[in-house]
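A.B. asks: My questions will all concern the structure given below.
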Amino acid sequence: MALKILYLAVFFLSFIELCIYFEITSNKINKNYLILFVTTIISNFGYSMLTFASSLEAAMCGDLLSYIGSIFTIMFMLVVVVDMCGKKFYIPLRLTLLAVSVIISIIFATTRDTNLFFDHPYMVQEHGISLVKYSMGPVMLFYMVYLAVINLSAIGIVIHTILTKRRVSKTGLKILLCVLICGTLLYVIPLAFGASINLMPFIYVSMETFFMYISSRASIYDIPGNLMSVYNSRDGYGYIAFDSKKRFLGCDDFAVCIFPELADISIDSTIPASCKQIYEGLHYKDENWNWDENCNKDFRILTDERAVIATIHPIASKFGKVGYLIELRDDTEQQNYIKGINTYNKELTRLVGEKTRQVTDMQDSIIKGMAIMVESRDNSTGGHILRTSDCIQIFADELLKNKILPQITSNFCKLLIKAAPMHDLGKISVDDSILRKPGKFSPAEYEEMKKHAAEGAKIVKKILHDTQDKDFERIAVNVAHYHHEKWNGEGYPEHLKGEEIPLEARIMALADVFDALVSKRCYKDAKSFDEAFEIIQNDLGKHFDPVIGKAFIECRTLLEAYYSSTVHEI
């Protein structure tokens with residue numbers, strides 16, 4: 001008797017779980033979950049009916065009903081598992097499984113006449129419950145294989161999802177995997193040992209409990225629903241809905257605040273011509289302003305008290321466009337703020353310009369400071385950064401004044417002067433034992449030192465990656481990368497030749513070499529101005545660009561005056 005009551009309790013428990021499912025998912029019921037719960041009730045009712053049967057006919061009815069419920073329960077369990085794993089259950093496959101389930105169910109229902117499912121049934125009493133014993137028919141084996149394939153497919157899909165997918169709840173899937181495996185074992189083990197008690201109703205109830213838990217958490221994962229909830233809770237936001245023929249479908253309280261006439265308009269009716277504010281604000285009958293053409297574009301609505309930004313969104317279904325949702329956003333405070341800003345526009349412009357200059361000066365100081373910090377590691381180039389920067393400024397002014405090349409503009413010169421201190425930043429990557437060596441480099445050390453050009457380009461590019469001035473970034477990277485290239489292609493690191501070398505790098509090369517020539521280093525004395533300019537003159541067309549190199553030589557008076565007033569010993 002105790003087992004009978006237990007099976008009956010399981011049936012009522014499955015029914016209670018269906019009711020609870022309705023309560024927790026009343027806003028958004030999943031049809032696959034619903035069918036799964038219903039088929040489970042049918043199956044558990046069949047098991048309960050079987051255990052209480054007092055005749056063979058009643059027992060067979062309960063037994064067959066449990067089989068029919070089970071086959072659909074297992075099928076929709078697979079559908080729900082596929083859905084939980086975020087995979088697609090293609091319609092042809094789903095229809096095929098449904099057709100197979102229906103055919104097997106029909107065979108179940110007619111087995112007394114066909115003997116395809118079982119033959120020679122008889123009723124027995126075991127452990128206080130009624131059971132039907134029979135000889136298995138040919139379809140029984142097919143039924144068992146069918147259940148095994150579906151169950152193993154579900155387990156395989158869950159395992160594959162856990163191992164490969166990220167945007168799923170792996171905790172939930174692991175619990176589901178345990179439920180599936182335990183359910184399979186609880187079905188197979190008693191069957192293998194010939195046990196009379198069927199544990200499937202208990203497995204189904206456990207599975208229902210898990211899916212009910214998942215359903216209770218569905219709202220947490222419902223991002224569109226959560227966004228809509230947040231949207232509805234925000235002040236200053238509203239909507240008006242229309243169907244595809246511009247018939248009014250409804251609105252919220254904020255929309256009524258903007259257009260009070262909406263409170264008197266009936267659902268499924270067009271906006272009457274007397275509502276001029278709606279007509280004009282929404283361009284309701286404006287022949288020159290088409291809603292479809294202006295979908296997802298903002299437009300303004302101004303009333304006596306409010307300023308509103310409106311956006312028309314198309315409402316679509318799988319069959320096409322079915323209507324429009326006009327989103328309303330209160331912009332009154334922003335507009336009042338803008339009016340206040342306009343009052344002080346000139347003062348703000350001045351302040352912004354001043355702050356911009358301060359930020360620019362700060363950036364220049366930081367860049368120059370970084371360059372000087374890197375140079376402090378080098379025993380052989382004391383003051384080189386500052387002198388070459390000043391030299392570039394003198395040279396750039398001369399190039400601009402004499403209009404040597406059309407590419408040399410005022411902005412180009414300004415950016416080049418700003419970039420000049422960064423030309424040797426790559427030395428930060430050179431080992432101290434080489435950089436601080438008090439003498440000439442060995443061939444191997446020189447090759448290591450030469451790497452500073454390419455490394456410098458990488459460093460400068462990282463430093464200036466987020467700058468808004470991409471021209472400055474390009475010039476600074478080129479100066480660092482190519483200032484050791486030579487006009488005849490014998491420089492480094494890329495062996496560029498002639499005008500392949502960026503203009504800014506050709507200009508930097510002259511200032512860099514000139515400073516090296518007239519400055520004292522630990523491994524050499526400073527050369528005289530005559531010697532330095534003679535070397536540059538002889539290297540025009542070989543090391544240096546002959547056009548801008550000639551212009552550099554013409555700056556001799558200014559350069560001599562600057563270097564004569566500068567102490568450039570290491």
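Labels for the structure tokens follow display order: chains A, B, ..., residues from 1 in each chain, ligands from 1.
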Write out as an MDAnalysis selection string each polymer residue whose atoms come within 10 Å of A:Leu464, counting only C-alpha atoms; drop sequence neighbours fewer than 5 positions from it.

C.D. replies: chainID A and resid 459 469:470 472:474 476:477

A.B. asks: Determine, counting only C-alpha atoms, which protein, DNA and RNA residues have an atom within 9 Å of an atom of stretch 186-201 of chain A; residues of the same chain fewer than 4 positions away are not included. Present the result as a compact mmCIF listing (two decimals) with all heavy atoms, in the first residue's frame.

C.D. replies:
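File part05.txt, as written:
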# COMPACT_ATOMS: atom_id res chain seq x y z
N TYR A 7 3.49 6.41 -5.47
CA TYR A 7 3.29 6.70 -6.89
C TYR A 7 2.20 7.77 -7.07
O TYR A 7 2.32 8.65 -7.93
CB TYR A 7 2.90 5.43 -7.66
CG TYR A 7 4.08 4.60 -8.09
CD1 TYR A 7 4.49 3.50 -7.34
CD2 TYR A 7 4.78 4.93 -9.22
CE1 TYR A 7 5.57 2.73 -7.73
CE2 TYR A 7 5.87 4.18 -9.64
CZ TYR A 7 6.27 3.08 -8.88
OH TYR A 7 7.36 2.33 -9.27
N VAL A 10 3.66 11.12 -6.23
CA VAL A 10 4.52 11.61 -7.32
C VAL A 10 3.68 12.24 -8.42
O VAL A 10 4.03 13.28 -9.01
CB VAL A 10 5.39 10.47 -7.87
CG1 VAL A 10 6.07 10.89 -9.17
CG2 VAL A 10 6.44 10.07 -6.85
N PHE A 11 2.52 11.61 -8.72
CA PHE A 11 1.62 12.18 -9.74
C PHE A 11 1.15 13.56 -9.32
O PHE A 11 1.21 14.53 -10.10
CB PHE A 11 0.43 11.25 -9.96
CG PHE A 11 -0.74 11.93 -10.62
CD1 PHE A 11 -0.64 12.42 -11.91
CD2 PHE A 11 -1.94 12.11 -9.92
CE1 PHE A 11 -1.71 13.06 -12.51
CE2 PHE A 11 -3.00 12.76 -10.52
CZ PHE A 11 -2.90 13.23 -11.81
N SER A 14 3.91 16.18 -9.49
CA SER A 14 4.16 16.68 -10.85
C SER A 14 3.11 17.71 -11.26
O SER A 14 3.41 18.69 -11.95
CB SER A 14 4.21 15.53 -11.85
OG SER A 14 2.96 14.84 -11.89
N THR A 40 4.76 14.91 -18.57
CA THR A 40 5.19 14.24 -17.34
C THR A 40 3.98 13.89 -16.47
O THR A 40 3.92 12.79 -15.88
CB THR A 40 6.16 15.14 -16.55
OG1 THR A 40 7.29 15.42 -17.36
CG2 THR A 40 6.63 14.46 -15.28
N SER A 43 2.34 10.86 -18.00
CA SER A 43 3.11 9.64 -17.72
C SER A 43 2.95 9.21 -16.27
O SER A 43 2.69 8.03 -15.97
CB SER A 43 4.58 9.88 -18.04
OG SER A 43 5.34 8.73 -17.79
N ASN A 44 3.07 10.17 -15.34
CA ASN A 44 2.95 9.82 -13.92
C ASN A 44 1.53 9.39 -13.55
O ASN A 44 1.33 8.56 -12.65
CB ASN A 44 3.39 11.00 -13.05
CG ASN A 44 4.90 11.19 -13.09
OD1 ASN A 44 5.63 10.36 -13.61
ND2 ASN A 44 5.38 12.29 -12.54
N TYR A 47 1.39 5.76 -14.50
CA TYR A 47 2.03 4.90 -13.50
C TYR A 47 1.14 4.74 -12.27
O TYR A 47 1.01 3.65 -11.70
CB TYR A 47 3.38 5.49 -13.09
CG TYR A 47 4.48 5.29 -14.09
CD1 TYR A 47 5.08 6.36 -14.75
CD2 TYR A 47 4.94 4.00 -14.38
CE1 TYR A 47 6.09 6.18 -15.67
CE2 TYR A 47 5.96 3.81 -15.30
CZ TYR A 47 6.53 4.90 -15.95
OH TYR A 47 7.52 4.70 -16.86
N SER A 70 5.74 8.97 -21.50
CA SER A 70 7.20 8.92 -21.38
C SER A 70 7.89 9.26 -22.69
O SER A 70 8.89 9.99 -22.70
CB SER A 70 7.63 7.52 -20.93
OG SER A 70 7.26 7.29 -19.60
N GLU A 126 2.82 -7.29 -7.00
CA GLU A 126 4.14 -7.40 -6.38
C GLU A 126 4.37 -6.19 -5.49
O GLU A 126 4.15 -5.05 -5.93
CB GLU A 126 5.25 -7.49 -7.44
CG GLU A 126 5.24 -8.78 -8.23
CD GLU A 126 6.43 -8.88 -9.18
OE1 GLU A 126 7.36 -8.03 -9.07
OE2 GLU A 126 6.44 -9.79 -10.03
N HIS A 127 4.84 -6.45 -4.28
CA HIS A 127 5.12 -5.37 -3.33
C HIS A 127 3.90 -4.49 -3.09
O HIS A 127 4.02 -3.28 -2.87
CB HIS A 127 6.29 -4.50 -3.81
CG HIS A 127 7.51 -5.28 -4.19
ND1 HIS A 127 8.29 -5.96 -3.26
CD2 HIS A 127 8.09 -5.52 -5.41
CE1 HIS A 127 9.29 -6.55 -3.88
NE2 HIS A 127 9.19 -6.31 -5.19
N LEU A 131 1.09 -4.81 -11.50
CA LEU A 131 2.04 -4.73 -12.60
C LEU A 131 1.52 -5.54 -13.77
O LEU A 131 0.78 -6.51 -13.58
CB LEU A 131 3.41 -5.27 -12.18
CG LEU A 131 4.14 -4.52 -11.07
CD1 LEU A 131 5.39 -5.28 -10.66
CD2 LEU A 131 4.49 -3.11 -11.52
N ILE A 181 22.42 11.83 -16.16
CA ILE A 181 23.19 10.59 -15.94
C ILE A 181 22.54 9.74 -14.85
O ILE A 181 22.37 8.52 -15.01
CB ILE A 181 24.65 10.93 -15.58
CG1 ILE A 181 25.36 11.55 -16.80
CG2 ILE A 181 25.40 9.67 -15.13
CD1 ILE A 181 26.77 12.04 -16.52
N CYS A 182 22.15 10.40 -13.75
CA CYS A 182 21.50 9.65 -12.66
C CYS A 182 20.18 9.05 -13.13
O CYS A 182 19.84 7.90 -12.80
CB CYS A 182 21.26 10.57 -11.46
SG CYS A 182 22.78 11.05 -10.61
N VAL A 205 9.99 13.60 -11.89
CA VAL A 205 9.74 14.66 -10.91
C VAL A 205 11.04 15.40 -10.58
O VAL A 205 11.05 16.63 -10.44
CB VAL A 205 9.09 14.08 -9.63
CG1 VAL A 205 9.12 15.12 -8.50
CG2 VAL A 205 7.66 13.67 -9.91
N SER A 206 12.13 14.67 -10.45
CA SER A 206 13.43 15.31 -10.20
C SER A 206 13.81 16.23 -11.35
O SER A 206 14.31 17.35 -11.15
CB SER A 206 14.51 14.24 -10.00
OG SER A 206 14.19 13.41 -8.91

A.B. asks: Find the residue from A:Ile162, A:Val179, A:Phe299, A:Ile150 that sits nearest to A:Thr73; use only C-alpha atoms when measuring.

C.D. replies: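 Using only C-alpha atoms, the shortest distance to A:Thr73 belongs to A:Ile150.
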
A.B. asks: Excluding A:Pro502 and residues on its chain fewer than 2 positions from it, collect all residues at most 12 Å away from it, counting only C-alpha atoms, and give them as a PyMOL selection string.

C.D. replies: chain A and resi 407+416+474-487+496-500+504-509+545

A.B. asks: Mind giving me the straight-line distance from atom CA of A:Ala154 to atom CA of A:Val82 in Å, one decimal?

C.D. replies: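 Pair atom CA of A:Ala154 / atom CA of A:Val82 returns 7.5 Å.
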
A.B. asks: Determine, counting only C-alpha atoms, which protein, DNA and RNA residues have an atom within 12 Å of an atom of A:Leu56; residues of the same chain fewer than 5 positions away are not included. Present the result as number ranges by chain.

C.D. replies: A: 49-51, 61-64, 112, 120-125, 130-134

A.B. asks: Keeping only C-alpha atoms, take the residues you just selected and write them out as a PDB file, in the first residue's frame.

C.D. replies:
ATOM      1  CA  MET A  49      -3.311   4.301 -12.490  1.00  0.00           C
ATOM      2  CA  LEU A  50      -1.330   1.101 -13.107  1.00  0.00           C
ATOM      3  CA  THR A  51      -0.383   0.602  -9.463  1.00  0.00           C
ATOM      4  CA  CYS A  61      -4.572   1.427 -19.781  1.00  0.00           C
ATOM      5  CA  GLY A  62      -2.326   2.858 -17.087  1.00  0.00           C
ATOM      6  CA  ASP A  63       0.763   1.092 -18.454  1.00  0.00           C
ATOM      7  CA  LEU A  64       0.186   2.259 -22.027  1.00  0.00           C
ATOM      8  CA  ARG A 112      -3.892  -5.275 -28.033  1.00  0.00           C
ATOM      9  CA  HIS A 120       0.039 -12.089 -23.971  1.00  0.00           C
ATOM     10  CA  PRO A 121      -0.296  -9.518 -21.173  1.00  0.00           C
ATOM     11  CA  TYR A 122      -1.303 -10.542 -17.677  1.00  0.00           C
ATOM     12  CA  MET A 123      -1.535  -8.734 -14.354  1.00  0.00           C
ATOM     13  CA  VAL A 124       0.356  -9.589 -11.162  1.00  0.00           C
ATOM     14  CA  GLN A 125       0.632  -8.092  -7.700  1.00  0.00           C
ATOM     15  CA  SER A 130      -0.342  -3.978  -9.701  1.00  0.00           C
ATOM     16  CA  LEU A 131       2.040  -4.726 -12.602  1.00  0.00           C
ATOM     17  CA  VAL A 132       1.524  -5.882 -16.179  1.00  0.00           C
ATOM     18  CA  LYS A 133       3.744  -8.709 -17.415  1.00  0.00           C
ATOM     19  CA  TYR A 134       4.014  -9.543 -21.104  1.00  0.00           C
TER      20      TYR A 134
END

A.B. asks: Which residue gives the smallest distance to A:Tyr239 among A:Lys437, A:His313, A:Lys174, A:Lys285, with only C-alpha atoms counted?

C.D. replies: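 Result for the nearest residue to A:Tyr239: A:His313.
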